[in-house]
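What follows is coords.pdb (PDB, C-alpha atoms, pLDDT in the B column).
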```pdb
MODEL        1
ATOM      1  CA  MET A 323      -9.801 -14.217  37.430  1.00 65.00           C
ATOM      2  CA  VAL A 324      -8.977 -15.624  33.992  1.00 66.00           C
ATOM      3  CA  ASN A 325     -10.271 -12.463  32.357  1.00 74.00           C
ATOM      4  CA  LYS A 326      -7.973 -10.369  34.476  1.00 74.00           C
ATOM      5  CA  ILE A 327      -4.996 -12.458  33.453  1.00 73.00           C
ATOM      6  CA  PHE A 328      -5.897 -12.019  29.779  1.00 70.00           C
ATOM      7  CA  ILE A 329      -6.334  -8.298  30.178  1.00 73.00           C
ATOM      8  CA  ALA A 330      -3.036  -8.017  32.016  1.00 72.00           C
ATOM      9  CA  MET A 331      -1.199  -9.964  29.293  1.00 74.00           C
ATOM     10  CA  ALA A 332      -2.849  -7.929  26.564  1.00 74.00           C
ATOM     11  CA  THR A 333      -1.823  -4.774  28.353  1.00 77.00           C
ATOM     12  CA  PHE A 334       1.861  -5.726  28.169  1.00 77.00           C
ATOM     13  CA  ILE A 335       1.994  -7.631  24.879  1.00 82.00           C
ATOM     14  CA  LEU A 336      -0.298  -5.701  22.540  1.00 79.00           C
ATOM     15  CA  PRO A 337       1.529  -2.382  22.998  1.00 81.00           C
ATOM     16  CA  PHE A 338       4.754  -4.175  22.115  1.00 81.00           C
ATOM     17  CA  VAL A 339       3.221  -5.678  18.976  1.00 80.00           C
ATOM     18  CA  PHE A 340       1.867  -2.293  17.918  1.00 78.00           C
ATOM     19  CA  ALA A 341       5.197  -0.638  18.592  1.00 79.00           C
ATOM     20  CA  VAL A 342       7.030  -3.194  16.456  1.00 78.00           C
ATOM     21  CA  ALA A 343       4.485  -2.704  13.673  1.00 80.00           C
ATOM     22  CA  VAL A 344       4.932   1.066  13.787  1.00 77.00           C
ATOM     23  CA  VAL A 345       8.731   1.009  13.831  1.00 71.00           C
ATOM     24  CA  TYR A 346       9.303  -1.688  11.217  1.00 73.00           C
ATOM     25  CA  GLY A 347       6.138  -1.585   9.187  1.00 68.00           C
ATOM     26  CA  GLN A 348       6.229   1.864   7.613  1.00 51.00           C
ATOM     27  CA  THR A 349       6.521   2.033   3.859  1.00 45.00           C
ATOM     28  CA  PRO A 350       8.795   4.605   2.206  1.00 41.00           C
ATOM     29  CA  THR A 351       7.078   7.621   0.734  1.00 38.00           C
ATOM     30  CA  THR A 352       9.760   8.607  -1.778  1.00 36.00           C
ATOM     31  CA  ASP A 353      12.948   7.244  -3.237  1.00 37.00           C
ATOM     32  CA  ASN A 354      14.313  10.498  -4.511  1.00 37.00           C
ATOM     33  CA  THR A 355      16.520  11.340  -1.595  1.00 35.00           C
ATOM     34  CA  THR A 356      18.968   8.539  -1.954  1.00 37.00           C
ATOM     35  CA  SER A 357      19.267   8.580  -5.732  1.00 36.00           C
ATOM     36  CA  ASN A 358      19.645  12.326  -5.917  1.00 39.00           C
ATOM     37  CA  THR A 359      22.254  12.269  -3.222  1.00 37.00           C
ATOM     38  CA  THR A 360      24.161   9.593  -5.072  1.00 41.00           C
ATOM     39  CA  ASN A 361      24.043  11.466  -8.368  1.00 41.00           C
ATOM     40  CA  ASP A 362      25.065  14.705  -6.715  1.00 40.00           C
ATOM     41  CA  THR A 363      27.957  12.943  -5.089  1.00 39.00           C
ATOM     42  CA  ILE A 364      29.157  11.486  -8.359  1.00 44.00           C
ATOM     43  CA  ASN A 365      28.721  14.804 -10.125  1.00 43.00           C
ATOM     44  CA  GLN A 366      30.845  16.517  -7.541  1.00 43.00           C
ATOM     45  CA  THR A 367      33.673  14.237  -8.449  1.00 49.00           C
ATOM     46  CA  THR A 368      33.616  15.152 -12.149  1.00 58.00           C
ATOM     47  CA  ASN A 369      33.971  18.901 -11.633  1.00 76.00           C
ATOM     48  CA  THR A 370      34.139  19.738 -15.325  1.00 86.00           C
ATOM     49  CA  THR A 371      35.868  22.897 -16.546  1.00 94.00           C
ATOM     50  CA  VAL A 372      34.151  24.085 -19.713  1.00 96.00           C
ATOM     51  CA  PRO A 373      36.639  25.492 -22.258  1.00 97.00           C
ATOM     52  CA  GLU A 374      36.088  28.868 -23.912  1.00 96.00           C
ATOM     53  CA  GLY A 375      36.417  27.518 -27.423  1.00 96.00           C
ATOM     54  CA  ALA A 376      36.477  24.454 -29.635  1.00 96.00           C
ATOM     55  CA  PRO A 377      39.783  22.703 -30.354  1.00 97.00           C
ATOM     56  CA  ARG A 378      41.812  23.539 -33.473  1.00 95.00           C
ATOM     57  CA  THR A 379      42.005  20.086 -34.913  1.00 93.00           C
ATOM     58  CA  GLY A 380      43.029  20.743 -38.482  1.00 89.00           C
ATOM     59  CA  TYR A 381      46.192  21.548 -40.431  1.00 86.00           C
ATOM     60  CA  GLY A 382      44.671  22.461 -43.745  1.00 82.00           C
ATOM     61  CA  TYR A 383      46.174  19.691 -45.830  1.00 77.00           C
ATOM     62  CA  ARG A 384      42.825  18.626 -47.272  1.00 61.00           C
TER      63      ARG A 384
ATOM     64  CA  MET B1090     -10.275  -1.230  32.637  1.00 68.00           C
ATOM     65  CA  LYS B1091      -9.237   2.389  32.129  1.00 71.00           C
ATOM     66  CA  LYS B1092      -6.133   1.735  34.197  1.00 71.00           C
ATOM     67  CA  PHE B1093      -5.132  -1.085  31.844  1.00 69.00           C
ATOM     68  CA  LEU B1094      -5.676   1.064  28.755  1.00 72.00           C
ATOM     69  CA  LEU B1095      -3.588   3.863  30.241  1.00 77.00           C
ATOM     70  CA  LEU B1096      -0.860   1.431  31.215  1.00 76.00           C
ATOM     71  CA  GLY B1097      -0.982  -0.085  27.703  1.00 75.00           C
ATOM     72  CA  ALA B1098      -0.617   3.318  26.100  1.00 77.00           C
ATOM     73  CA  ILE B1099       2.356   4.149  28.306  1.00 81.00           C
ATOM     74  CA  LEU B1100       3.990   0.831  27.494  1.00 77.00           C
ATOM     75  CA  PHE B1101       3.365   1.410  23.767  1.00 76.00           C
ATOM     76  CA  LEU B1102       5.223   4.712  23.907  1.00 78.00           C
ATOM     77  CA  PHE B1103       7.964   3.135  25.978  1.00 79.00           C
ATOM     78  CA  TYR B1104       8.437   0.314  23.473  1.00 76.00           C
ATOM     79  CA  LEU B1105       8.570   2.843  20.629  1.00 72.00           C
ATOM     80  CA  THR B1106      11.501   4.593  22.241  1.00 76.00           C
ATOM     81  CA  ILE B1107      13.528   1.496  23.024  1.00 76.00           C
ATOM     82  CA  LEU B1108      13.079  -0.393  19.753  1.00 72.00           C
ATOM     83  CA  PRO B1109      16.080   0.012  17.425  1.00 68.00           C
ATOM     84  CA  LYS B1110      15.218   2.258  14.514  1.00 60.00           C
ATOM     85  CA  LYS B1111      15.234   0.569  11.130  1.00 52.00           C
ATOM     86  CA  ASP B1112      16.719   2.524   8.217  1.00 47.00           C
ATOM     87  CA  ARG B1113      13.776   2.565   5.822  1.00 45.00           C
ATOM     88  CA  ARG B1114      15.274   4.591   3.036  1.00 42.00           C
ATOM     89  CA  PRO B1115      14.976   2.772  -0.302  1.00 39.00           C
ATOM     90  CA  GLY B1116      18.258   1.382  -1.395  1.00 39.00           C
ATOM     91  CA  SER B1117      19.628   1.780   2.088  1.00 41.00           C
ATOM     92  CA  GLN B1118      20.819  -1.802   1.965  1.00 42.00           C
ATOM     93  CA  ASN B1119      23.741  -0.825  -0.287  1.00 48.00           C
ATOM     94  CA  PRO B1120      23.807   2.928  -0.791  1.00 44.00           C
ATOM     95  CA  PRO B1121      27.223   4.259  -1.784  1.00 44.00           C
ATOM     96  CA  SER B1122      28.408   6.672   0.836  1.00 47.00           C
ATOM     97  CA  PHE B1123      30.119   9.941  -0.090  1.00 46.00           C
ATOM     98  CA  THR B1124      33.556   8.494   0.472  1.00 49.00           C
ATOM     99  CA  GLU B1125      32.664   5.326  -1.432  1.00 50.00           C
ATOM    100  CA  SER B1126      31.544   7.387  -4.438  1.00 46.00           C
ATOM    101  CA  ILE B1127      34.703   9.459  -4.306  1.00 50.00           C
ATOM    102  CA  SER B1128      36.848   6.367  -4.178  1.00 55.00           C
ATOM    103  CA  GLN B1129      34.819   4.794  -7.013  1.00 55.00           C
ATOM    104  CA  ALA B1130      35.543   7.808  -9.209  1.00 61.00           C
ATOM    105  CA  ALA B1131      39.177   7.764  -8.201  1.00 66.00           C
ATOM    106  CA  THR B1132      39.568   4.097  -9.093  1.00 79.00           C
ATOM    107  CA  ILE B1133      38.280   4.493 -12.662  1.00 89.00           C
ATOM    108  CA  GLY B1134      41.332   4.460 -14.870  1.00 94.00           C
ATOM    109  CA  LYS B1135      42.284   7.159 -17.337  1.00 96.00           C
ATOM    110  CA  PRO B1136      41.745   6.300 -21.009  1.00 98.00           C
ATOM    111  CA  VAL B1137      44.742   5.109 -22.977  1.00 98.00           C
ATOM    112  CA  ARG B1138      43.401   3.784 -26.300  1.00 98.00           C
ATOM    113  CA  LEU B1139      40.555   4.581 -28.671  1.00 98.00           C
ATOM    114  CA  ILE B1140      39.259   2.011 -31.137  1.00 98.00           C
ATOM    115  CA  ILE B1141      36.631   2.714 -33.792  1.00 98.00           C
ATOM    116  CA  ASN B1142      36.544  -0.211 -36.192  1.00 98.00           C
ATOM    117  CA  ARG B1143      34.072   1.427 -38.555  1.00 97.00           C
ATOM    118  CA  ILE B1144      36.594   4.069 -39.619  1.00 97.00           C
ATOM    119  CA  GLY B1145      39.807   2.160 -38.930  1.00 97.00           C
ATOM    120  CA  VAL B1146      40.881   4.075 -35.836  1.00 98.00           C
ATOM    121  CA  ASN B1147      43.128   2.402 -33.275  1.00 98.00           C
ATOM    122  CA  ALA B1148      44.864   5.280 -31.577  1.00 98.00           C
ATOM    123  CA  LYS B1149      46.752   6.105 -28.438  1.00 98.00           C
ATOM    124  CA  ILE B1150      44.958   8.634 -26.236  1.00 98.00           C
ATOM    125  CA  GLU B1151      46.832  11.690 -24.975  1.00 98.00           C
ATOM    126  CA  HIS B1152      45.512  13.690 -22.020  1.00 97.00           C
ATOM    127  CA  VAL B1153      44.875  17.315 -22.949  1.00 97.00           C
ATOM    128  CA  GLY B1154      43.621  20.389 -21.127  1.00 97.00           C
ATOM    129  CA  LEU B1155      43.331  23.977 -22.325  1.00 97.00           C
ATOM    130  CA  ASP B1156      45.515  25.837 -24.807  1.00 96.00           C
ATOM    131  CA  ARG B1157      46.742  29.433 -24.407  1.00 95.00           C
ATOM    132  CA  GLU B1158      43.388  30.756 -25.633  1.00 94.00           C
ATOM    133  CA  ARG B1159      41.565  28.489 -23.169  1.00 96.00           C
ATOM    134  CA  ASN B1160      40.177  26.402 -26.005  1.00 97.00           C
ATOM    135  CA  MET B1161      40.254  22.640 -25.619  1.00 97.00           C
ATOM    136  CA  ASP B1162      43.802  21.625 -26.469  1.00 97.00           C
ATOM    137  CA  VAL B1163      44.697  19.082 -29.143  1.00 97.00           C
ATOM    138  CA  PRO B1164      46.948  16.008 -29.108  1.00 97.00           C
ATOM    139  CA  LYS B1165      50.601  16.574 -29.993  1.00 96.00           C
ATOM    140  CA  SER B1166      50.646  13.693 -32.441  1.00 97.00           C
ATOM    141  CA  TRP B1167      48.510  13.724 -35.561  1.00 96.00           C
ATOM    142  CA  ASP B1168      47.843  10.030 -35.071  1.00 97.00           C
ATOM    143  CA  ASN B1169      46.703  10.256 -31.444  1.00 98.00           C
ATOM    144  CA  ALA B1170      43.375  11.251 -29.952  1.00 98.00           C
ATOM    145  CA  GLY B1171      43.136  13.766 -27.101  1.00 98.00           C
ATOM    146  CA  TRP B1172      41.009  13.140 -24.003  1.00 98.00           C
ATOM    147  CA  TYR B1173      39.861  16.293 -22.221  1.00 98.00           C
ATOM    148  CA  SER B1174      41.236  15.625 -18.750  1.00 97.00           C
ATOM    149  CA  LEU B1175      39.397  18.554 -17.099  1.00 97.00           C
ATOM    150  CA  GLY B1176      36.172  16.580 -17.518  1.00 96.00           C
ATOM    151  CA  PRO B1177      34.992  13.097 -16.566  1.00 96.00           C
ATOM    152  CA  LYS B1178      36.807   9.883 -17.366  1.00 96.00           C
ATOM    153  CA  PRO B1179      35.178   7.276 -19.583  1.00 97.00           C
ATOM    154  CA  GLY B1180      32.783   5.181 -17.535  1.00 95.00           C
ATOM    155  CA  MET B1181      31.778   8.133 -15.377  1.00 95.00           C
ATOM    156  CA  PRO B1182      28.589  10.174 -15.732  1.00 96.00           C
ATOM    157  CA  GLY B1183      29.012  13.355 -17.716  1.00 96.00           C
ATOM    158  CA  ASN B1184      30.331  14.429 -21.088  1.00 98.00           C
ATOM    159  CA  VAL B1185      33.585  12.652 -21.823  1.00 98.00           C
ATOM    160  CA  VAL B1186      35.228  14.571 -24.673  1.00 98.00           C
ATOM    161  CA  ILE B1187      37.881  13.342 -27.090  1.00 98.00           C
ATOM    162  CA  ASP B1188      39.251  15.342 -30.010  1.00 98.00           C
ATOM    163  CA  GLY B1189      41.533  14.452 -32.862  1.00 98.00           C
ATOM    164  CA  HIS B1190      43.095  16.072 -35.906  1.00 97.00           C
ATOM    165  CA  LEU B1191      41.377  15.887 -39.246  1.00 97.00           C
ATOM    166  CA  ASP B1192      44.576  16.185 -41.235  1.00 96.00           C
ATOM    167  CA  SER B1193      48.298  16.815 -40.948  1.00 94.00           C
ATOM    168  CA  PRO B1194      51.179  18.139 -43.075  1.00 92.00           C
ATOM    169  CA  ASN B1195      51.505  14.669 -44.499  1.00 90.00           C
ATOM    170  CA  GLY B1196      47.849  13.890 -45.188  1.00 94.00           C
ATOM    171  CA  PRO B1197      44.941  12.440 -43.246  1.00 96.00           C
ATOM    172  CA  ALA B1198      45.116  12.339 -39.445  1.00 97.00           C
ATOM    173  CA  VAL B1199      43.386  10.214 -36.827  1.00 98.00           C
ATOM    174  CA  PHE B1200      39.848  11.628 -37.252  1.00 98.00           C
ATOM    175  CA  PHE B1201      39.964  12.113 -41.038  1.00 97.00           C
ATOM    176  CA  ARG B1202      37.003   9.758 -41.486  1.00 97.00           C
ATOM    177  CA  LEU B1203      35.088  10.694 -38.339  1.00 98.00           C
ATOM    178  CA  SER B1204      32.221  12.101 -40.397  1.00 97.00           C
ATOM    179  CA  LYS B1205      31.632   8.623 -41.839  1.00 97.00           C
ATOM    180  CA  LEU B1206      30.319   7.323 -38.512  1.00 98.00           C
ATOM    181  CA  GLU B1207      26.660   6.404 -38.370  1.00 97.00           C
ATOM    182  CA  LYS B1208      24.100   5.850 -35.658  1.00 98.00           C
ATOM    183  CA  GLY B1209      24.735   2.587 -33.826  1.00 97.00           C
ATOM    184  CA  ASP B1210      28.447   2.393 -34.627  1.00 98.00           C
ATOM    185  CA  GLU B1211      30.506   1.284 -31.648  1.00 98.00           C
ATOM    186  CA  ILE B1212      33.378   3.186 -30.066  1.00 98.00           C
ATOM    187  CA  TYR B1213      35.742   1.364 -27.708  1.00 98.00           C
ATOM    188  CA  ILE B1214      37.827   3.034 -25.050  1.00 98.00           C
ATOM    189  CA  ILE B1215      40.438   1.107 -23.114  1.00 98.00           C
ATOM    190  CA  SER B1216      41.492   2.533 -19.765  1.00 97.00           C
ATOM    191  CA  GLU B1217      44.851   2.237 -18.060  1.00 96.00           C
ATOM    192  CA  ASP B1218      43.479  -0.465 -15.748  1.00 94.00           C
ATOM    193  CA  GLY B1219      42.507  -2.604 -18.754  1.00 95.00           C
ATOM    194  CA  LYS B1220      38.771  -1.958 -18.593  1.00 95.00           C
ATOM    195  CA  GLU B1221      36.854  -1.550 -21.832  1.00 96.00           C
ATOM    196  CA  TYR B1222      34.044   0.957 -22.258  1.00 97.00           C
ATOM    197  CA  ILE B1223      31.762   0.675 -25.269  1.00 98.00           C
ATOM    198  CA  TYR B1224      29.843   3.678 -26.540  1.00 98.00           C
ATOM    199  CA  THR B1225      27.359   3.696 -29.406  1.00 98.00           C
ATOM    200  CA  VAL B1226      26.898   6.606 -31.777  1.00 98.00           C
ATOM    201  CA  ASN B1227      23.631   8.508 -31.392  1.00 98.00           C
ATOM    202  CA  ASN B1228      24.002  11.340 -33.881  1.00 98.00           C
ATOM    203  CA  MET B1229      26.388  13.840 -35.426  1.00 98.00           C
ATOM    204  CA  GLU B1230      26.157  17.618 -35.534  1.00 98.00           C
ATOM    205  CA  LYS B1231      28.087  20.245 -37.493  1.00 98.00           C
ATOM    206  CA  TYR B1232      28.754  23.688 -36.018  1.00 98.00           C
ATOM    207  CA  GLU B1233      30.474  26.889 -37.062  1.00 97.00           C
ATOM    208  CA  PHE B1234      33.692  27.367 -35.103  1.00 96.00           C
ATOM    209  CA  ASP B1235      32.402  30.552 -33.441  1.00 95.00           C
ATOM    210  CA  LYS B1236      29.051  29.023 -32.568  1.00 96.00           C
ATOM    211  CA  PHE B1237      30.298  25.848 -30.989  1.00 97.00           C
ATOM    212  CA  PRO B1238      27.874  24.708 -28.208  1.00 98.00           C
ATOM    213  CA  LEU B1239      30.416  24.455 -25.410  1.00 97.00           C
ATOM    214  CA  LYS B1240      27.945  23.724 -22.613  1.00 97.00           C
ATOM    215  CA  LYS B1241      26.198  21.031 -24.623  1.00 97.00           C
ATOM    216  CA  VAL B1242      29.448  19.288 -25.481  1.00 98.00           C
ATOM    217  CA  PHE B1243      31.397  19.844 -22.245  1.00 97.00           C
ATOM    218  CA  GLY B1244      28.796  20.770 -19.606  1.00 97.00           C
ATOM    219  CA  GLU B1245      27.743  18.584 -16.716  1.00 94.00           C
ATOM    220  CA  THR B1246      25.037  15.970 -17.169  1.00 95.00           C
ATOM    221  CA  ASN B1247      23.928  12.803 -15.428  1.00 94.00           C
ATOM    222  CA  SER B1248      24.082  10.854 -18.705  1.00 96.00           C
ATOM    223  CA  PHE B1249      27.089   8.754 -19.659  1.00 97.00           C
ATOM    224  CA  ASN B1250      28.161  10.452 -22.876  1.00 98.00           C
ATOM    225  CA  LEU B1251      31.197  10.429 -25.129  1.00 98.00           C
ATOM    226  CA  ASN B1252      31.589  13.301 -27.602  1.00 98.00           C
ATOM    227  CA  LEU B1253      34.183  13.147 -30.373  1.00 98.00           C
ATOM    228  CA  ILE B1254      35.313  16.361 -32.065  1.00 98.00           C
ATOM    229  CA  THR B1255      37.232  17.184 -35.205  1.00 98.00           C
ATOM    230  CA  CYS B1256      37.450  19.890 -37.865  1.00 97.00           C
ATOM    231  CA  VAL B1257      35.502  20.118 -41.105  1.00 96.00           C
ATOM    232  CA  GLY B1258      34.597  22.814 -43.609  1.00 96.00           C
ATOM    233  CA  VAL B1259      36.828  25.339 -45.319  1.00 95.00           C
ATOM    234  CA  PHE B1260      40.383  25.985 -44.133  1.00 94.00           C
ATOM    235  CA  ASP B1261      41.272  29.642 -43.568  1.00 94.00           C
ATOM    236  CA  ARG B1262      44.983  29.916 -44.453  1.00 91.00           C
ATOM    237  CA  ILE B1263      45.368  33.212 -42.589  1.00 92.00           C
ATOM    238  CA  ALA B1264      43.620  32.172 -39.384  1.00 92.00           C
ATOM    239  CA  LYS B1265      44.967  28.642 -39.823  1.00 92.00           C
ATOM    240  CA  ASN B1266      41.640  27.239 -38.796  1.00 94.00           C
ATOM    241  CA  TYR B1267      38.793  25.257 -40.295  1.00 96.00           C
ATOM    242  CA  SER B1268      35.407  26.949 -40.493  1.00 97.00           C
ATOM    243  CA  HIS B1269      33.403  24.212 -38.790  1.00 97.00           C
ATOM    244  CA  ARG B1270      33.559  21.400 -36.254  1.00 97.00           C
ATOM    245  CA  ILE B1271      31.641  18.159 -36.152  1.00 98.00           C
ATOM    246  CA  VAL B1272      30.691  16.453 -32.926  1.00 98.00           C
ATOM    247  CA  VAL B1273      29.815  12.777 -32.828  1.00 98.00           C
ATOM    248  CA  TYR B1274      27.541  12.210 -29.834  1.00 98.00           C
ATOM    249  CA  SER B1275      27.517   8.735 -28.312  1.00 98.00           C
ATOM    250  CA  SER B1276      26.370   7.110 -25.091  1.00 98.00           C
ATOM    251  CA  LEU B1277      27.738   4.348 -22.898  1.00 97.00           C
ATOM    252  CA  LEU B1278      26.536   0.876 -23.790  1.00 91.00           C
ATOM    253  CA  GLN B1279      28.531  -1.139 -21.270  1.00 63.00           C
TER     254      GLN B1279
ENDMDL
END
```

Output the file's structure in the form of structure tokens.
Amino acid sequence: MVNKIFIAMATFILPFVFAVAVVYGQTPTTDNTTSNTTNDTINQTTNTTVPEGAPRTGYGYR
Amino acid sequence: MKKFLLLGAILFLFYLTILPKKDRRPGSQNPPSFTESISQAATIGKPVRLIINRIGVNAKIEHVGLDRERNMDVPKSWDNAGWYSLGPKPGMPGNVVIDGHLDSPNGPAVFFRLSKLEKGDEIYIISEDGKEYIYTVNNMEKYEFDKFPLKKVFGETNSFNLNLITCVGVFDRIAKNYSHRIVVYSSLLQ
């Protein structure tokens, strides 16, 4: 009788413990996704226009 | 016994479906969202003053774009520096570019002594919101005007760079242009 009670409890509780371990216990495999996304997002905000030539920053006094 | 194992397996799957999913992405505690990043970029102030103690520069910063030939434009005042406003602001990732005149009709201009900068020298930029950005000089390169590395100086990068440009070399009186440009490459310290 006692054995049956133990088995019945284990039947309900152990699956729950395993489920919690599976859902919350996984370790991340990569950290690239977030950082790349962040960098891409920041880059999108810069949106640089590259000029076609260098500035003319001299008068010729020297 | 088999009935209990089967029931346990069914309960395991059931629990898996009802448990709230945890966000396990690294950094997911405080990742900037797209809108947060946009607003962060928008809140960085535009530069208003350039200070380089090593060469005695303390100049107002004008905001410049492109000239009629689609070259980077230059500041209207000989004593001011020109921030390229079609690129990133100081404090943002990318190549922040500032130019300045070498000389003027009256003599030396704001970047007359730019070539005297050395590795490790500090460059201060003050933004309109009062924040101070400190860059340190990495190196200096000299280029012919027609072979200026536009993508290297202006192109997109994930680094936090500041590139200062001015004229050097021989002045062509007909073309009204110096033969070379120097670029002082620096990176954000703080």

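Residues lying at most 12 Å from (-1.7, -8.8, 27.4) in file coordinates, with only C-alpha atoms considered, are Val324, Asn325, Lys326, Ile327, Phe328, Ile329, Ala330, Met331, Ala332, Thr333, Phe334, Ile335, Leu336, Pro337, Phe338 and Val339 of chain A; Phe1093, Leu1094, Leu1096, Gly1097, Leu1100 and Phe1101 of chain B.
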
### Task
With the file shown as input, list the residues that the PyMOL selection byres ((chain B and resi 1275) around 12) selects, as a ChimeraX atom specification.
/B:1179,1183-1187,1206-1213,1222-1230,1242,1248-1254,1272-1274,1276-1278

Give me a file of those residues, with C-alpha atoms, as a PDB file, in the coordinates of the input.
```pdb
ATOM      1  CA  PRO B1179      35.178   7.276 -19.583  1.00 97.00           C
ATOM      2  CA  GLY B1183      29.012  13.355 -17.716  1.00 96.00           C
ATOM      3  CA  ASN B1184      30.331  14.429 -21.088  1.00 98.00           C
ATOM      4  CA  VAL B1185      33.585  12.652 -21.823  1.00 98.00           C
ATOM      5  CA  VAL B1186      35.228  14.571 -24.673  1.00 98.00           C
ATOM      6  CA  ILE B1187      37.881  13.342 -27.090  1.00 98.00           C
ATOM      7  CA  LEU B1206      30.319   7.323 -38.512  1.00 98.00           C
ATOM      8  CA  GLU B1207      26.660   6.404 -38.370  1.00 97.00           C
ATOM      9  CA  LYS B1208      24.100   5.850 -35.658  1.00 98.00           C
ATOM     10  CA  GLY B1209      24.735   2.587 -33.826  1.00 97.00           C
ATOM     11  CA  ASP B1210      28.447   2.393 -34.627  1.00 98.00           C
ATOM     12  CA  GLU B1211      30.506   1.284 -31.648  1.00 98.00           C
ATOM     13  CA  ILE B1212      33.378   3.186 -30.066  1.00 98.00           C
ATOM     14  CA  TYR B1213      35.742   1.364 -27.708  1.00 98.00           C
ATOM     15  CA  TYR B1222      34.044   0.957 -22.258  1.00 97.00           C
ATOM     16  CA  ILE B1223      31.762   0.675 -25.269  1.00 98.00           C
ATOM     17  CA  TYR B1224      29.843   3.678 -26.540  1.00 98.00           C
ATOM     18  CA  THR B1225      27.359   3.696 -29.406  1.00 98.00           C
ATOM     19  CA  VAL B1226      26.898   6.606 -31.777  1.00 98.00           C
ATOM     20  CA  ASN B1227      23.631   8.508 -31.392  1.00 98.00           C
ATOM     21  CA  ASN B1228      24.002  11.340 -33.881  1.00 98.00           C
ATOM     22  CA  MET B1229      26.388  13.840 -35.426  1.00 98.00           C
ATOM     23  CA  GLU B1230      26.157  17.618 -35.534  1.00 98.00           C
ATOM     24  CA  VAL B1242      29.448  19.288 -25.481  1.00 98.00           C
ATOM     25  CA  SER B1248      24.082  10.854 -18.705  1.00 96.00           C
ATOM     26  CA  PHE B1249      27.089   8.754 -19.659  1.00 97.00           C
ATOM     27  CA  ASN B1250      28.161  10.452 -22.876  1.00 98.00           C
ATOM     28  CA  LEU B1251      31.197  10.429 -25.129  1.00 98.00           C
ATOM     29  CA  ASN B1252      31.589  13.301 -27.602  1.00 98.00           C
ATOM     30  CA  LEU B1253      34.183  13.147 -30.373  1.00 98.00           C
ATOM     31  CA  ILE B1254      35.313  16.361 -32.065  1.00 98.00           C
ATOM     32  CA  VAL B1272      30.691  16.453 -32.926  1.00 98.00           C
ATOM     33  CA  VAL B1273      29.815  12.777 -32.828  1.00 98.00           C
ATOM     34  CA  TYR B1274      27.541  12.210 -29.834  1.00 98.00           C
ATOM     35  CA  SER B1276      26.370   7.110 -25.091  1.00 98.00           C
ATOM     36  CA  LEU B1277      27.738   4.348 -22.898  1.00 97.00           C
ATOM     37  CA  LEU B1278      26.536   0.876 -23.790  1.00 91.00           C
TER      38      LEU B1278
END
```

### Message
Running the ChimeraX specification (/B :<6) & /A on this model by hand, what would come out? Give it as a ChimeraX atom specification.
### Response
/A:333,337-338,341,353,368,370-377,379-383

### Message
Can you translate the PyMOL selection byres ((chain B and resi 1144-1147) around 8) into the concrete residues it hits in this file, as a ChimeraX atom specification?
### Response
/B:1138-1143,1148-1149,1199-1200,1202-1203,1205-1206

Adding 6 Å on each side of the box along x, y and z that holds all listed atoms of segment 1100-1105 of chain B, could you give its centre and edge lengths in Å to one decimal, as lines of an AutoDock Vina configuration file?
```
center_x = 6.0
center_y = 2.5
center_z = 24.1
size_x = 17.2
size_y = 16.4
size_z = 18.9
```

### Message
Report, in Å with one decimal, the straight-line distance from atom CA of Ala1264 of chain B to atom CA of Ser1166 of chain B.
### Response
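Value for the atom CA of Ala1264 of chain B-atom CA of Ser1166 of chain B distance: 21.0 Å.
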
### Query
So how many Å separate atom CA of Ile1133 of chain B and atom CA of Ile1215 of chain B, to one decimal?
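Atom-to-atom, atom CA of Ile1133 of chain B to atom CA of Ile1215 of chain B, that is 11.2 Å.
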
### Query
Suppose you want the space between atom CA of Tyr1232 of chain B and atom CA of Ile1271 of chain B; what is it in Å?
6.2 Å
